[in-house]
file run-v8.txt (compact mmCIF, C-alpha atoms and all ligand atoms)
# COMPACT_ATOMS: atom_id res chain seq x y z
CA MET A 1 -7.35 -1.39 -5.21
CA ASP A 2 -8.46 1.28 -7.68
CA LEU A 3 -5.20 1.93 -9.49
CA ASN A 4 -6.39 4.11 -12.35
CA LEU A 5 -2.94 4.16 -13.95
CA SER A 6 -2.13 5.66 -17.33
CA SER A 7 -0.58 3.80 -20.20
CA ALA A 8 0.89 5.08 -23.46
CA ALA A 9 -2.32 4.21 -25.29
CA SER A 10 -4.62 6.02 -22.88
CA HIS A 11 -2.81 9.35 -22.78
CA PRO A 12 -2.55 11.51 -25.89
CA ALA A 13 0.71 13.15 -24.75
CA SER A 14 2.48 9.85 -24.17
CA PRO A 15 5.38 9.13 -26.49
CA GLY A 16 5.75 6.25 -28.86
CA ASP A 17 8.67 3.92 -28.22
CA ASP A 18 11.29 6.15 -29.83
CA GLN A 19 9.72 9.57 -29.21
CA GLU A 20 10.87 11.85 -26.44
CA LEU A 21 8.36 13.39 -24.08
CA SER A 22 9.17 16.50 -22.09
CA VAL A 23 7.97 16.72 -18.51
CA ARG A 24 8.61 19.39 -15.95
CA VAL A 25 8.89 17.05 -12.95
CA LEU A 26 9.52 13.35 -13.29
CA ILE A 27 9.18 11.31 -10.12
CA ILE A 28 10.79 7.90 -10.04
CA CYS A 29 8.37 5.67 -8.19
CA SER A 30 5.26 5.48 -6.11
CA GLY A 31 6.09 4.95 -2.42
CA GLN A 32 4.95 7.54 0.10
CA ALA A 33 7.85 9.86 -0.73
CA GLY A 34 7.03 9.71 -4.45
CA LEU A 35 3.28 10.16 -4.06
CA SER A 36 3.72 13.06 -1.61
CA ALA A 37 6.11 14.72 -4.05
CA ALA A 38 3.50 14.13 -6.78
CA LEU A 39 0.77 15.78 -4.69
CA TYR A 40 2.86 18.88 -3.99
CA ALA A 41 4.18 19.14 -7.56
CA ALA A 42 0.66 18.72 -8.97
CA ARG A 43 -0.72 21.42 -6.69
CA ALA A 44 2.07 23.70 -7.94
CA ASP A 45 0.75 23.08 -11.50
CA LEU A 46 3.89 21.24 -12.57
CA GLU A 47 1.94 18.29 -14.04
CA PRO A 48 4.26 15.68 -12.56
CA LEU A 49 4.64 12.24 -14.06
CA VAL A 50 5.25 9.33 -11.69
CA LEU A 51 6.94 6.16 -12.94
CA THR A 52 5.38 3.85 -10.40
CA GLY A 53 7.84 0.97 -10.48
CA MET A 54 6.61 -2.61 -10.29
CA GLU A 55 5.79 -2.65 -6.58
CA LEU A 56 2.95 -0.18 -6.42
CA GLY A 57 2.91 1.89 -3.27
CA GLY A 58 6.32 0.70 -2.10
CA GLN A 59 7.14 -1.05 1.13
CA VAL A 60 4.11 0.01 3.11
CA SER A 61 1.86 -1.90 0.72
CA LEU A 62 3.34 -5.06 2.29
CA THR A 63 1.96 -4.30 5.69
CA TYR A 64 -1.40 -5.23 7.09
CA ALA A 65 -1.84 -2.19 9.34
CA VAL A 66 -0.19 1.18 9.84
CA GLU A 67 -0.92 2.64 13.26
CA ASN A 68 1.60 5.46 13.46
CA TYR A 69 0.60 7.62 10.51
CA PRO A 70 -1.25 10.61 11.97
CA GLY A 71 -4.85 11.24 10.92
CA PHE A 72 -5.95 7.63 11.28
CA PRO A 73 -6.65 7.10 14.98
CA GLU A 74 -7.85 3.55 14.37
CA GLY A 75 -4.93 2.73 12.05
CA ILE A 76 -5.21 1.99 8.34
CA GLY A 77 -4.28 -0.88 6.02
CA GLY A 78 -1.03 -0.40 4.08
CA MET A 79 -2.66 -0.76 0.64
CA GLU A 80 -5.55 1.46 1.68
CA LEU A 81 -3.11 4.20 2.69
CA VAL A 82 -1.31 3.88 -0.66
CA GLU A 83 -4.61 4.22 -2.51
CA LEU A 84 -5.49 7.40 -0.60
CA PHE A 85 -2.06 8.93 -1.29
CA GLN A 86 -2.46 8.07 -4.95
CA LYS A 87 -6.00 9.41 -5.32
CA GLN A 88 -5.07 12.68 -3.67
CA ALA A 89 -2.11 13.22 -6.02
CA GLN A 90 -4.20 12.29 -9.08
CA ARG A 91 -6.99 14.64 -8.02
CA PHE A 92 -4.64 17.56 -8.68
CA GLY A 93 -3.36 16.24 -12.00
CA ALA A 94 -0.45 13.94 -11.19
CA ARG A 95 -0.12 11.21 -13.82
CA LEU A 96 1.02 7.71 -12.91
CA GLU A 97 2.62 5.34 -15.43
CA PHE A 98 3.04 1.68 -14.52
CA ASP A 99 6.64 1.51 -15.70
CA LEU A 100 10.18 1.33 -14.33
CA ALA A 101 13.08 3.74 -14.83
CA ALA A 102 15.72 1.58 -16.54
CA ASP A 103 18.40 4.12 -17.45
CA VAL A 104 19.11 7.74 -16.56
CA ASP A 105 21.49 10.37 -17.92
CA LEU A 106 21.93 13.23 -15.49
CA SER A 107 24.88 14.86 -17.25
CA GLU A 108 22.80 17.81 -18.50
CA ARG A 109 19.31 19.28 -18.34
CA PRO A 110 16.81 18.18 -19.43
CA PHE A 111 17.63 14.87 -17.73
CA LYS A 112 17.08 11.75 -19.81
CA VAL A 113 15.16 8.80 -18.42
CA VAL A 114 14.53 5.62 -20.41
CA THR A 115 11.95 3.21 -19.07
CA GLN A 116 11.61 -0.55 -19.13
CA ASN A 117 8.77 -0.16 -21.65
CA GLY A 118 11.17 1.72 -23.97
CA LYS A 119 9.86 5.22 -23.40
CA HIS A 120 12.20 8.22 -23.43
CA TYR A 121 11.52 11.15 -21.15
CA LEU A 122 13.23 14.54 -20.96
CA ALA A 123 12.74 15.92 -17.46
CA GLU A 124 13.40 19.50 -16.41
CA SER A 125 13.73 18.24 -12.85
CA LEU A 126 13.83 14.82 -11.29
CA ILE A 127 12.69 13.57 -7.90
CA ILE A 128 14.15 10.20 -6.95
CA THR A 129 12.20 8.21 -4.38
CA THR A 130 13.25 4.67 -5.21
CA GLY A 131 13.30 3.62 -1.55
CA ALA A 132 15.15 0.77 0.01
CA SER A 133 14.56 -2.91 0.60
CA ALA A 134 15.13 -4.89 3.76
CA VAL A 135 17.36 -7.90 3.14
CA HIS A 136 15.20 -11.00 3.47
CA LEU A 137 16.01 -14.32 5.08
CA ASN A 138 14.63 -16.11 2.03
CA VAL A 139 13.15 -18.95 4.04
CA PRO A 140 9.76 -20.63 3.57
CA GLY A 141 6.93 -18.73 5.27
CA GLU A 142 8.73 -15.38 5.38
CA ILE A 143 6.89 -13.61 2.56
CA GLU A 144 3.48 -15.16 3.33
CA LEU A 145 3.69 -14.08 6.98
CA THR A 146 5.14 -10.60 6.41
CA GLY A 147 2.83 -8.18 8.20
CA ARG A 148 1.39 -11.16 10.10
CA GLY A 149 4.17 -11.58 12.62
CA VAL A 150 7.19 -11.23 10.35
CA SER A 151 8.47 -7.66 10.44
CA TYR A 152 11.43 -5.56 9.34
CA CYS A 153 10.58 -2.56 11.52
CA ALA A 154 10.37 -2.54 15.34
CA THR A 155 9.18 1.08 15.48
CA CYS A 156 6.28 0.16 13.19
CA ASP A 157 5.25 -3.17 14.66
CA GLY A 158 6.68 -3.49 18.19
CA TRP A 159 3.46 -2.33 19.78
CA PHE A 160 1.60 -5.36 18.36
CA PHE A 161 3.76 -7.66 20.52
CA LYS A 162 2.85 -6.46 24.01
CA ASP A 163 3.66 -9.24 26.51
CA LYS A 164 4.49 -11.62 23.66
CA GLU A 165 7.60 -13.55 22.78
CA VAL A 166 9.57 -12.46 19.73
CA MET A 167 12.77 -13.32 17.90
CA VAL A 168 15.19 -10.88 16.34
CA VAL A 169 17.37 -12.22 13.57
CA GLY A 170 20.76 -10.52 13.18
CA GLY A 171 23.77 -9.55 15.22
CA GLY A 172 24.73 -6.03 14.14
CA ASP A 173 23.89 -2.61 15.58
CA SER A 174 20.37 -2.52 14.08
CA ALA A 175 19.45 -5.94 15.41
CA VAL A 176 20.61 -5.10 18.92
CA GLU A 177 19.14 -1.58 18.94
CA GLU A 178 15.78 -2.89 17.75
CA SER A 179 15.89 -5.75 20.27
CA LEU A 180 16.37 -3.25 23.08
CA PHE A 181 13.44 -1.23 21.73
CA LEU A 182 11.27 -4.36 21.55
CA THR A 183 11.84 -5.09 25.25
CA ARG A 184 9.49 -2.16 25.97
CA TYR A 185 6.66 -4.34 24.72
CA ALA A 186 7.63 -7.98 24.46
CA GLU A 187 7.95 -10.23 27.45
CA LYS A 188 10.96 -12.00 25.96
CA VAL A 189 13.26 -11.19 23.03
CA THR A 190 15.58 -13.86 21.63
CA ILE A 191 18.39 -12.66 19.38
CA VAL A 192 19.12 -15.37 16.82
CA HIS A 193 22.62 -14.98 15.43
CA ARG A 194 24.55 -17.26 13.09
CA ARG A 195 27.84 -16.56 14.90
CA ASP A 196 28.86 -16.95 18.54
CA GLU A 197 29.19 -13.23 19.27
CA LEU A 198 27.48 -10.01 18.25
CA ARG A 199 28.89 -7.66 15.63
CA ALA A 200 27.24 -4.68 17.35
CA GLY A 201 29.27 -2.00 19.16
CA ALA A 202 30.50 -2.56 22.72
CA LEU A 203 27.96 -0.29 24.43
CA LEU A 204 24.97 -1.85 22.67
CA THR A 205 26.32 -5.33 23.33
CA GLU A 206 26.70 -4.52 27.02
CA ARG A 207 23.13 -3.19 27.17
CA ALA A 208 21.78 -6.30 25.48
CA ASN A 209 23.77 -8.60 27.77
CA SER A 210 22.46 -6.90 30.88
CA ASN A 211 18.82 -6.71 29.80
CA PRO A 212 16.88 -9.48 31.59
CA LYS A 213 14.31 -9.70 28.76
CA ILE A 214 16.95 -10.47 26.10
CA ASN A 215 18.50 -13.86 25.57
CA PHE A 216 20.53 -15.33 22.72
CA ALA A 217 20.47 -18.28 20.36
CA TRP A 218 24.09 -18.40 19.17
CA ASN A 219 25.31 -20.23 16.06
CA THR A 220 21.72 -20.47 14.94
CA VAL A 221 19.83 -19.71 11.74
CA VAL A 222 16.11 -19.61 10.96
CA GLU A 223 15.21 -22.30 8.43
CA GLU A 224 11.44 -21.84 8.22
CA ILE A 225 8.66 -19.68 9.66
CA SER A 226 5.25 -21.28 10.16
CA GLY A 227 1.78 -20.22 11.19
CA ASN A 228 -1.81 -20.35 10.18
CA GLY A 229 -2.56 -16.72 9.24
CA ALA A 230 0.00 -15.46 11.80
CA VAL A 231 3.43 -16.54 12.98
CA GLN A 232 3.27 -19.44 15.43
CA SER A 233 6.65 -21.16 15.29
CA VAL A 234 10.06 -21.26 13.64
CA LYS A 235 12.38 -24.05 12.64
CA LEU A 236 15.94 -23.29 13.81
CA GLN A 237 19.20 -24.93 12.83
CA ASP A 238 22.45 -25.04 14.78
CA THR A 239 25.18 -23.90 12.33
CA LYS A 240 27.81 -26.07 14.05
CA THR A 241 26.01 -29.35 14.64
CA GLY A 242 23.31 -29.09 11.95
CA GLU A 243 20.75 -30.04 14.59
CA GLN A 244 17.24 -28.72 13.95
CA ARG A 245 14.59 -27.74 16.45
CA GLU A 246 11.14 -26.20 16.40
CA GLN A 247 10.28 -23.27 18.68
CA ASP A 248 6.95 -21.54 19.33
CA ILE A 249 7.13 -17.79 18.82
CA ASP A 250 4.74 -14.85 18.27
CA GLY A 251 6.88 -12.67 16.02
CA VAL A 252 10.07 -12.66 13.96
CA PHE A 253 11.91 -9.38 13.37
CA VAL A 254 14.55 -9.51 10.65
CA PHE A 255 17.46 -7.04 10.78
CA ILE A 256 20.14 -8.46 8.52
CA GLY A 257 20.61 -5.40 6.35
CA HIS A 258 18.86 -2.77 4.29
CA THR A 259 19.71 -2.00 0.66
CA PRO A 260 18.89 1.34 -0.97
CA ASN A 261 17.63 1.06 -4.57
CA THR A 262 20.31 3.27 -6.10
CA SER A 263 22.25 1.17 -8.62
CA LEU A 264 20.63 3.18 -11.44
CA PHE A 265 22.48 6.29 -10.26
CA THR A 266 25.96 4.86 -9.69
CA GLY A 267 28.63 7.21 -10.99
CA GLN A 268 26.13 10.05 -11.44
CA LEU A 269 24.93 10.90 -7.93
CA GLU A 270 26.88 11.05 -4.68
CA MET A 271 26.18 8.21 -2.29
CA ASP A 272 27.37 7.28 1.20
CA GLN A 273 29.39 4.14 1.86
CA ASN A 274 26.19 2.07 2.05
CA GLY A 275 24.79 3.33 -1.24
CA TYR A 276 22.23 5.81 0.14
CA LEU A 277 21.89 8.97 -1.97
CA ILE A 278 23.33 12.06 -0.34
CA ALA A 279 20.95 15.00 -0.29
CA ASP A 280 21.12 18.27 1.65
CA ASP A 281 18.38 19.55 3.96
CA ARG A 282 16.46 20.72 0.87
CA MET A 283 16.61 17.24 -0.68
CA GLN A 284 19.05 18.52 -3.32
CA THR A 285 21.58 15.99 -4.63
CA ASN A 286 24.95 16.94 -6.10
CA VAL A 287 23.22 17.54 -9.46
CA PRO A 288 21.16 20.77 -9.45
CA GLY A 289 17.54 19.96 -10.28
CA VAL A 290 17.78 16.36 -9.08
CA TYR A 291 16.23 15.67 -5.67
CA ALA A 292 16.24 12.57 -3.49
CA ALA A 293 13.58 11.87 -0.87
CA GLY A 294 12.40 9.08 1.40
CA GLU A 295 14.30 5.95 2.33
CA VAL A 296 16.59 6.15 -0.70
CA ALA A 297 18.27 9.05 1.10
CA ASP A 298 17.42 8.16 4.68
CA PRO A 299 19.22 5.34 6.48
CA HIS A 300 17.94 6.57 9.87
CA PHE A 301 14.20 7.11 10.25
CA ARG A 302 12.61 4.81 7.64
CA GLN A 303 9.00 5.73 8.33
CA VAL A 304 6.00 6.61 6.20
CA ILE A 305 5.68 10.03 7.80
CA THR A 306 9.34 10.97 7.39
CA SER A 307 9.41 9.69 3.79
CA ALA A 308 6.24 11.60 2.95
CA GLY A 309 7.68 14.76 4.50
CA MET A 310 10.87 14.46 2.49
CA GLY A 311 8.84 13.93 -0.70
CA ALA A 312 6.82 17.08 -0.07
CA ALA A 313 10.01 19.04 0.63
CA ALA A 314 11.61 17.80 -2.59
CA ALA A 315 8.63 18.95 -4.66
CA ILE A 316 8.56 22.39 -3.00
CA GLN A 317 12.24 22.75 -3.76
CA ALA A 318 11.84 21.52 -7.36
CA ASN A 319 9.17 24.19 -7.85
CA HIS A 320 11.58 26.92 -6.67
CA PHE A 321 14.35 25.51 -8.84
CA LEU A 322 12.21 25.45 -11.99
CA GLY A 323 11.09 29.04 -11.37
CA GLU A 324 14.68 30.21 -11.04
CA ASN A 325 16.24 28.00 -13.73
CA PRO A 326 13.98 27.89 -16.78
CA LEU A 327 15.30 25.93 -19.74
CA PRO A 328 15.76 27.93 -22.96
CA GLU A 329 12.73 27.67 -25.30
C1 LIG B 401 6.52 -4.78 6.20
C2 LIG B 401 6.73 -3.31 6.46
C3 LIG B 401 5.92 -2.66 7.37
C4 LIG B 401 6.10 -1.31 7.63
N1 LIG B 401 5.26 -0.69 8.49
C5 LIG B 401 5.37 0.64 8.72
C6 LIG B 401 4.49 1.31 9.62
O1 LIG B 401 3.61 0.71 10.23
N2 LIG B 401 4.69 2.65 9.79
C7 LIG B 401 5.67 3.36 9.15
O2 LIG B 401 5.76 4.57 9.33
N3 LIG B 401 6.52 2.73 8.31
C8 LIG B 401 6.40 1.40 8.08
N4 LIG B 401 7.29 0.76 7.26
C9 LIG B 401 8.35 1.57 6.61
C10 LIG B 401 7.73 2.36 5.44
O3 LIG B 401 7.00 1.49 4.62
C11 LIG B 401 8.82 3.05 4.64
O4 LIG B 401 9.62 3.83 5.50
C12 LIG B 401 8.26 3.96 3.57
O5 LIG B 401 7.27 3.28 2.84
C13 LIG B 401 9.36 4.43 2.64
O6 LIG B 401 8.77 5.10 1.57
P1 LIG B 401 9.61 5.51 0.29
O7 LIG B 401 8.64 6.18 -0.60
O8 LIG B 401 10.81 6.25 0.69
O9 LIG B 401 10.16 4.15 -0.35
P2 LIG B 401 9.54 2.72 -0.69
O10 LIG B 401 8.31 2.45 0.08
O11 LIG B 401 10.70 1.78 -0.53
O12 LIG B 401 9.13 2.83 -2.21
C14 LIG B 401 10.06 2.84 -3.23
C15 LIG B 401 9.41 2.33 -4.48
O13 LIG B 401 10.31 2.57 -5.56
C16 LIG B 401 10.21 1.52 -6.48
N5 LIG B 401 11.37 1.55 -7.36
C17 LIG B 401 12.64 1.15 -7.08
N6 LIG B 401 13.42 1.33 -8.19
C18 LIG B 401 12.62 1.86 -9.14
C19 LIG B 401 12.83 2.27 -10.49
N7 LIG B 401 14.02 2.14 -11.10
N8 LIG B 401 11.80 2.80 -11.21
C20 LIG B 401 10.58 2.95 -10.62
N9 LIG B 401 10.32 2.56 -9.35
C21 LIG B 401 11.33 2.03 -8.62
C22 LIG B 401 10.14 0.33 -5.55
O14 LIG B 401 9.64 -0.79 -6.25
C23 LIG B 401 9.15 0.84 -4.52
O15 LIG B 401 7.83 0.63 -4.96
C24 LIG B 401 7.14 -0.59 6.97
C25 LIG B 401 7.98 -1.25 6.08
C26 LIG B 401 7.79 -2.60 5.82
C27 LIG B 401 8.69 -3.30 4.83
call {"tool": "encode", "arguments": {"input": "run-v8.txt", "output": "structure tokens", "more": "lines below"}}
Ligand SMILES: Cc1cc2nc3c(=O)[nH]c(=O)nc-3n(C[C@H](O)[C@H](O)[C@H](O)COP(=O)(O)OP(=O)(O)OC[C@H]3O[C@@H](n4cnc5c(N)ncnc54)[C@H](O)[C@@H]3O)c2cc1C
result
Amino acid sequence: MDLNLSSAASHPASPGDDQELSVRVLIICSGQAGLSAALYAARADLEPLVLTGMELGGQVSLTYAVENYPGFPEGIGGMELVELFQKQAQRFGARLEFDLAADVDLSERPFKVVTQNGKHYLAESLIITTGASAVHLNVPGEIELTGRGVSYCATCDGWFFKDKEVMVVGGGDSAVEESLFLTRYAEKVTIVHRRDELRAGALLTERANSNPKINFAWNTVVEEISGNGAVQSVKLQDTKTGEQREQDIDGVFVFIGHTPNTSLFTGQLEMDQNGYLIADDRMQTNVPGVYAAGEVADPHFRQVITSAGMGAAAAIQANHFLGENPLPE
């Protein structure tokens, strides 16, 4: 991947460790929401700076193929899509720094952001796109086979499992909802749950119980996922007896929770009960000039296209805000 990232040494306007650098729009991180915001802010001549975070390109970089982002009728690799987003933003002057926002002070404008590399930024406006992370099983094989049969998104990957047999790990609303969705494609869906009953609501539970394609492995956990280049089998353990068994399977969907990356903003920005940032329909948070876009503020849709759209909207709004609220010289 052609990253072409800036560093303090390569950019004359970059600050030394204890200097402060003023930027008009600072974007925290480089997922699709962040890079779309960067494109729109750059085209508005706001010279945005993106702190990329350590996982370049965000969640989509983990996936082998994206087939539901319009404009790519044959689909596109996750990393390839990230690279195109990045190049387009850079073409109009967005600058990317391979660094992590470590501390923020949003009590007054300009907002203060200190990075892991010890840089201090003063931002006239801030766009937060720190995303969210699916909770992992943390079992052998999970990371290696992510995007190769292990998935955290039925909308994204269900289509790949036409007439196949898949497992869904979890027992809450998401797990059951996604299992029902997967029955459109898969021949058989087994919900693997560590307890002996679902935590999902009554209506969803009833739908799952009456769906002939869904069956259940109660009191069961996944111990290992195996496959040569793609998922082929799982090792399961009975939580009551400790008994282990191997089962052939084509895919493993994990829905055991989703955590927004918002700890940096605790006490400064309003969040819902699950920690997602609360933004209005213009991506505005409770602090004027601070915007939130993408999965960090979206517990519902969690897609590249919706995240990118929110990022673009945040940058358009930041442009209006800066025009109407200039800082004193
Ligand atoms: C395996 C997988 C496959 C998927 N497949 C598809 C698909 O086919 N189609 C689809 O539409 N969607 C897919 N999705 C969902 C899609 O990737 C996300 O909805 C989308 O990428 C969210 O973008 P985002 O910019 O909001 O956040 P993210 O992609 O979560 O990016 C957030 C970034 O912020 C960084 N960050 C966090 N904290 C900081 C900080 N303090 N400073 C700097 N950076 C920080 C993170 O490291 C991360 O890089 C998939 C997701 C996964 C996990």
call {"tool": "residues_near_ligand", "arguments": {"input": "run-v8.txt", "ligand": "ligand LIG 401 (chain B)", "cutoff": "7 Å", "atoms": "all atoms listed in the file", "output": "compact mmCIF listing (two decimals) with C-alpha atoms, keeping the file's coordinate frame"}}
result
# COMPACT_ATOMS: atom_id res chain seq x y z
CA ILE A 28 10.79 7.90 -10.04
CA CYS A 29 8.37 5.67 -8.19
CA SER A 30 5.26 5.48 -6.11
CA GLY A 31 6.09 4.95 -2.42
CA GLN A 32 4.95 7.54 0.10
CA ALA A 33 7.85 9.86 -0.73
CA GLY A 34 7.03 9.71 -4.45
CA LEU A 51 6.94 6.16 -12.94
CA THR A 52 5.38 3.85 -10.40
CA GLY A 53 7.84 0.97 -10.48
CA MET A 54 6.61 -2.61 -10.29
CA GLU A 55 5.79 -2.65 -6.58
CA LEU A 56 2.95 -0.18 -6.42
CA GLY A 57 2.91 1.89 -3.27
CA GLY A 58 6.32 0.70 -2.10
CA GLN A 59 7.14 -1.05 1.13
CA VAL A 60 4.11 0.01 3.11
CA LEU A 62 3.34 -5.06 2.29
CA THR A 63 1.96 -4.30 5.69
CA ALA A 65 -1.84 -2.19 9.34
CA VAL A 66 -0.19 1.18 9.84
CA GLU A 67 -0.92 2.64 13.26
CA ASN A 68 1.60 5.46 13.46
CA TYR A 69 0.60 7.62 10.51
CA ASP A 99 6.64 1.51 -15.70
CA LEU A 100 10.18 1.33 -14.33
CA ALA A 101 13.08 3.74 -14.83
CA ALA A 102 15.72 1.58 -16.54
CA THR A 129 12.20 8.21 -4.38
CA THR A 130 13.25 4.67 -5.21
CA GLY A 131 13.30 3.62 -1.55
CA ALA A 132 15.15 0.77 0.01
CA SER A 133 14.56 -2.91 0.60
CA ALA A 134 15.13 -4.89 3.76
CA THR A 146 5.14 -10.60 6.41
CA GLY A 147 2.83 -8.18 8.20
CA SER A 151 8.47 -7.66 10.44
CA TYR A 152 11.43 -5.56 9.34
CA CYS A 153 10.58 -2.56 11.52
CA CYS A 156 6.28 0.16 13.19
CA ASP A 157 5.25 -3.17 14.66
CA ASN A 261 17.63 1.06 -4.57
CA LEU A 264 20.63 3.18 -11.44
CA ALA A 293 13.58 11.87 -0.87
CA GLY A 294 12.40 9.08 1.40
CA GLU A 295 14.30 5.95 2.33
CA VAL A 296 16.59 6.15 -0.70
CA ARG A 302 12.61 4.81 7.64
CA GLN A 303 9.00 5.73 8.33
CA VAL A 304 6.00 6.61 6.20
CA ILE A 305 5.68 10.03 7.80
CA SER A 307 9.41 9.69 3.79
CA ALA A 308 6.24 11.60 2.95
call {"tool": "closest_residue", "arguments": {"input": "run-v8.txt", "among": "A:Tyr185, A:Phe72, A:Phe321, A:Phe265", "to": "Leu84 in chain A", "atoms": "all atoms listed in the file"}}
result
A:Phe72
call {"tool": "closest_residue", "arguments": {"input": "run-v8.txt", "among": "A:Pro110, A:Pro140, A:Gly257, A:Gly309", "to": "Asp281 in chain A", "atoms": "all atoms listed in the file"}}
result
A:Gly309
call {"tool": "residues_near_point", "arguments": {"input": "run-v8.txt", "point": "(8.5, -15.5, 18.5)", "cutoff": "8 Å", "atoms": "only C-alpha atoms", "output": "PyMOL selection string"}}
result
chain A and resi 164-167+189-190+231-234+247-252
call {"tool": "atom_distance", "arguments": {"input": "run-v8.txt", "atom1": "CA of Asn215 in chain A", "atom2": "CA of Val192 in chain A"}}
result
8.9 Å
call {"tool": "closest_residue", "arguments": {"input": "run-v8.txt", "among": "A:Ala315, A:Leu322, A:Leu145, A:Ala42", "to": "Ala230 in chain A", "atoms": "only C-alpha atoms"}}
result
A:Leu145
call {"tool": "residues_around", "arguments": {"input": "run-v8.txt", "residues": "range 204-208 of chain A", "least_positions_apart": "2", "cutoff": "8 Å", "atoms": "only C-alpha atoms", "output": "number ranges by chain"}}
result
A: 173, 176-177, 179-180, 198, 200-202, 210-211, 214
call {"tool": "closest_residue", "arguments": {"input": "run-v8.txt", "among": "A:Leu106, A:Val50, A:Leu26, A:Ile143", "to": "Val287 in chain A", "atoms": "only C-alpha atoms"}}
result
A:Leu106
call {"tool": "atom_distance", "arguments": {"input": "run-v8.txt", "atom1": "CA of Ser36 in chain A", "atom2": "CA of Gly71 in chain A"}}
result
15.3 Å
call {"tool": "residues_around", "arguments": {"input": "run-v8.txt", "residues": "Glu178 in chain A", "least_positions_apart": "5", "cutoff": "10 Å", "atoms": "only C-alpha atoms", "output": "list in words"}}
result
Tyr152, Cys153, Ala154, Thr155, Gly158, Val168, Asp173, Thr183, Phe253, Val254 and Phe255 of chain A
call {"tool": "residues_near_point", "arguments": {"input": "run-v8.txt", "point": "(8.8, 17.5, -10.1)", "cutoff": "8 Å", "atoms": "all atoms listed in the file", "output": "PyMOL selection string"}}
result
chain A and resi 24-27+37-38+41+46-49+125-127+315+318-319
call {"tool": "atom_distance", "arguments": {"input": "run-v8.txt", "atom1": "CA of Tyr40 in chain A", "atom2": "CA of Val114 in chain A"}}
result
24.1 Å
call {"tool": "closest_residue", "arguments": {"input": "run-v8.txt", "among": "A:Ile256, A:Gly242, A:Leu236, A:Val290", "to": "Gly171 in chain A", "atoms": "all atoms listed in the file"}}
result
A:Ile256
